[in-house]
Each structure stands twice: as C-alpha cells, then as structure tokens.
Amino acid sequence: MKELALQYSTIILFLHVFSGVIWVGGMIAIRVAVHPVMQSIEDPAIKLGKTLEIVGRLFHLVIPFIIFLILTALIFEIYWEYSGILIRIKEGIWSIMTLNFIYMYLRRYKAWKLFQAGKLKEAKELAKPLPNLLLPINIFLGVVAIFLGVVLRGF
C-alpha cells in the first residue's frame, strides 16, 4: 500500500491542497463577496432565506473536500511518515475547523427548519453568528493552515 501511496503522491498532494483551497476559498467568497451583497436585500424574510440557502449550498459543496482533506492527511501521516510539531499544529487547525464546520452546519440546518416553519426571529438568531463569527474564525484558521502547508513543503 505504501508503494501505491508513493506512486500517486502527486495526485494525493494535489487533492489535499485543492481541497483546502476549495474549502477556504469558498468561505472567503461567501464572506467577502456574497454576504455584503445579501445585506442590500430589504425584505428580512427573503434576505434570511437566501442567506441560509447560499450557506447550505456552500456547506454541501465543501463536505466532499473536507473528506478528501482528511483522507489525504491520513495518507501523509501513515504512508509518508510525516511528523513534527508543524504537522501536529496543522492537523490541530484542520481538526478545529472541521468541528467548527460541523457546529455551523448544524446551526444552519436548525435555522433552515425554523425558517421553513415561519419562525423568522428564531432562525435569524441561530444564523447570526455564522457570517460574523464562526465563518471568519474558519477563514483565519484555514489561511494559517495553508501557510503551514507551504512552509512544510519548502521551496
């Protein structure tokens, strides 16, 4: 199995980096480009509904990439025998991001159900920390993790 991992090392590394870029890039696009435009919608119900829909689409888009990221990291760990403090820090960062993602996913899901039930105020309260706190935390951590990946690979 180790020979197979080494034989496809370029593809595995590409999937790892690409997965991180899609996840972090998607969050940046939503927070920096989409969220500010959504604030111009005056009808609160439409604004909340579209925001929850957009965030839901992003979350479903990045789930496979999060899985690829974890799987490729495991391949690095097991077959390429990566070790060291920077690897552990990077693994910790991606782990925190994954836990934060799960928390955001569940909040958004509950907010969507409340929205569909016509409970706009409750849905808005559940969704409120997503773009203003939780997403920026993951963006920051993701940028740090990508930087550490570059440092680990060297020039």
# chains A, B, ... in the order shown; residues from 1 in each chain; ligands from 1
>>> closest_atom_pairs(of="segment 19-63 of chain A", to="segment 142-155 of chain A", cutoff="10 Å", atoms="only C-alpha atoms", output="JSON lines")
{"residue": "A:Gly20", "atom": "CA", "partner": "A:Ile146", "partner_atom": "CA", "distance": 7.2}
{"residue": "A:Val21", "atom": "CA", "partner": "A:Ile146", "partner_atom": "CA", "distance": 8.0}
{"residue": "A:Trp23", "atom": "CA", "partner": "A:Gly142", "partner_atom": "CA", "distance": 8.3}
{"residue": "A:Val24", "atom": "CA", "partner": "A:Gly142", "partner_atom": "CA", "distance": 5.8}
{"residue": "A:Gly25", "atom": "CA", "partner": "A:Gly142", "partner_atom": "CA", "distance": 9.1}
{"residue": "A:Met27", "atom": "CA", "partner": "A:Gly142", "partner_atom": "CA", "distance": 9.5}
{"residue": "A:Ile28", "atom": "CA", "partner": "A:Val143", "partner_atom": "CA", "distance": 10.0}
>>> select_by_dssp(residues="chain A", states="alpha helix (DSSP H)", output="PyMOL selection string")
chain A and resi 2-7+9-28+35-38+44-79+85-116+120-127+129+135-153
>>> write_last_selection(atoms="C-alpha atoms", output="compact mmCIF listing (two decimals), in the first residue's frame")
# COMPACT_ATOMS: atom_id res chain seq x y z
CA LYS A 2 2.89 2.34 0.75
CA GLU A 3 4.17 1.87 -2.82
CA LEU A 4 0.75 2.82 -4.15
CA ALA A 5 0.67 5.97 -2.00
CA LEU A 6 4.16 6.92 -3.23
CA GLN A 7 3.27 6.14 -6.85
CA SER A 9 1.94 11.08 -4.44
CA THR A 10 1.46 13.98 -6.87
CA ILE A 11 -2.26 13.28 -7.23
CA ILE A 12 -2.67 12.82 -3.47
CA LEU A 13 -0.84 16.07 -2.74
CA PHE A 14 -2.90 17.88 -5.40
CA LEU A 15 -6.18 16.60 -3.89
CA HIS A 16 -5.00 17.69 -0.45
CA VAL A 17 -4.06 21.22 -1.50
CA PHE A 18 -7.05 21.62 -3.83
CA SER A 19 -9.43 20.51 -1.07
CA GLY A 20 -8.04 23.10 1.32
CA VAL A 21 -8.23 25.81 -1.32
CA ILE A 22 -11.85 24.99 -2.22
CA TRP A 23 -12.90 24.94 1.45
CA VAL A 24 -11.11 28.13 2.47
CA GLY A 25 -11.71 29.89 -0.84
CA GLY A 26 -15.41 29.09 -0.71
CA MET A 27 -15.68 30.58 2.76
CA ILE A 28 -13.79 33.71 1.69
CA HIS A 35 -22.63 38.28 2.33
CA PRO A 36 -22.23 42.06 1.82
CA VAL A 37 -24.45 41.97 -1.28
CA MET A 38 -27.09 39.98 0.60
CA PRO A 44 -35.93 40.33 6.01
CA ALA A 45 -37.60 37.04 5.07
CA ILE A 46 -36.07 37.00 1.59
CA LYS A 47 -32.67 38.04 2.94
CA LEU A 48 -32.65 35.31 5.60
CA GLY A 49 -33.98 32.65 3.24
CA LYS A 50 -31.45 33.39 0.52
CA THR A 51 -28.61 33.62 3.04
CA LEU A 52 -29.49 30.22 4.52
CA GLU A 53 -29.82 28.75 1.04
CA ILE A 54 -26.44 30.08 -0.10
CA VAL A 55 -24.69 28.91 3.06
CA GLY A 56 -26.35 25.50 2.70
CA ARG A 57 -25.09 25.19 -0.87
CA LEU A 58 -21.55 26.11 0.23
CA PHE A 59 -21.66 23.61 3.08
CA HIS A 60 -22.80 20.80 0.78
CA LEU A 61 -20.17 21.76 -1.78
CA VAL A 62 -17.29 21.59 0.69
CA ILE A 63 -18.23 18.37 2.52
CA PRO A 64 -16.51 16.09 -0.05
CA PHE A 65 -13.46 18.36 0.00
CA ILE A 66 -13.28 18.18 3.80
CA ILE A 67 -13.37 14.39 3.49
CA PHE A 68 -10.61 14.45 0.83
CA LEU A 69 -8.56 16.72 3.06
CA ILE A 70 -8.84 14.33 6.00
CA LEU A 71 -8.17 11.21 3.90
CA THR A 72 -5.14 12.68 2.16
CA ALA A 73 -3.77 13.90 5.51
CA LEU A 74 -4.12 10.36 6.85
CA ILE A 75 -2.22 9.03 3.83
CA PHE A 76 0.57 11.53 4.53
CA GLU A 77 0.65 10.51 8.17
CA ILE A 78 0.60 6.76 7.61
CA TYR A 79 2.49 6.18 4.38
CA ILE A 85 5.42 20.00 15.53
CA LEU A 86 4.24 21.92 12.44
CA ILE A 87 2.38 18.85 11.17
CA ARG A 88 0.68 18.48 14.55
CA ILE A 89 -0.26 22.17 14.61
CA LYS A 90 -1.65 21.94 11.07
CA GLU A 91 -3.63 18.80 11.94
CA GLY A 92 -4.97 20.56 15.02
CA ILE A 93 -6.04 23.58 12.99
CA TRP A 94 -7.88 21.49 10.39
CA SER A 95 -9.48 19.48 13.22
CA ILE A 96 -10.74 22.65 14.92
CA MET A 97 -12.02 23.88 11.56
CA THR A 98 -13.86 20.60 10.99
CA LEU A 99 -15.50 20.77 14.41
CA ASN A 100 -16.45 24.41 13.79
CA PHE A 101 -17.84 23.40 10.38
CA ILE A 102 -19.99 20.68 11.95
CA TYR A 103 -21.27 23.20 14.51
CA MET A 104 -22.05 25.73 11.74
CA TYR A 105 -23.70 23.04 9.64
CA LEU A 106 -25.99 22.03 12.50
CA ARG A 107 -26.86 25.66 13.36
CA ARG A 108 -27.66 26.41 9.74
CA TYR A 109 -29.77 23.23 9.45
CA LYS A 110 -31.78 24.15 12.56
CA ALA A 111 -32.15 27.75 11.33
CA TRP A 112 -33.39 26.47 7.96
CA LYS A 113 -36.02 24.29 9.65
CA LEU A 114 -37.15 27.25 11.78
CA PHE A 115 -37.25 29.45 8.68
CA GLN A 116 -39.38 26.91 6.84
CA LEU A 120 -38.04 34.03 11.30
CA LYS A 121 -36.84 35.60 14.54
CA GLU A 122 -35.58 32.31 15.96
CA ALA A 123 -34.00 31.33 12.63
CA LYS A 124 -32.22 34.68 12.39
CA GLU A 125 -30.82 34.33 15.92
CA LEU A 126 -29.46 30.88 15.15
CA ALA A 127 -27.91 32.02 11.87
CA PRO A 129 -23.07 34.04 14.35
CA LEU A 135 -17.02 31.69 9.32
CA PRO A 136 -14.29 34.31 9.92
CA ILE A 137 -12.70 32.00 12.52
CA ASN A 138 -12.51 29.20 9.97
CA ILE A 139 -11.21 31.54 7.28
CA PHE A 140 -8.39 32.72 9.54
CA LEU A 141 -7.51 29.19 10.64
CA GLY A 142 -7.65 27.93 7.06
CA VAL A 143 -5.27 30.60 5.80
CA VAL A 144 -2.84 29.75 8.64
CA ALA A 145 -3.10 26.02 7.83
CA ILE A 146 -2.44 26.62 4.12
CA PHE A 147 0.56 28.78 5.04
CA LEU A 148 1.89 26.00 7.29
CA GLY A 149 1.44 23.56 4.41
CA VAL A 150 3.62 25.75 2.22
CA VAL A 151 6.24 26.02 4.98
CA LEU A 152 6.23 22.23 5.42
CA ARG A 153 6.74 21.55 1.72
>>> atom_distance(atom1="atom CA of Ala117 of chain A", atom2="atom CA of Ile41 of chain A")
21.2 Å
>>> atom_distance(atom1="atom CA of Val34 of chain A", atom2="atom CA of Leu133 of chain A")
15.9 Å
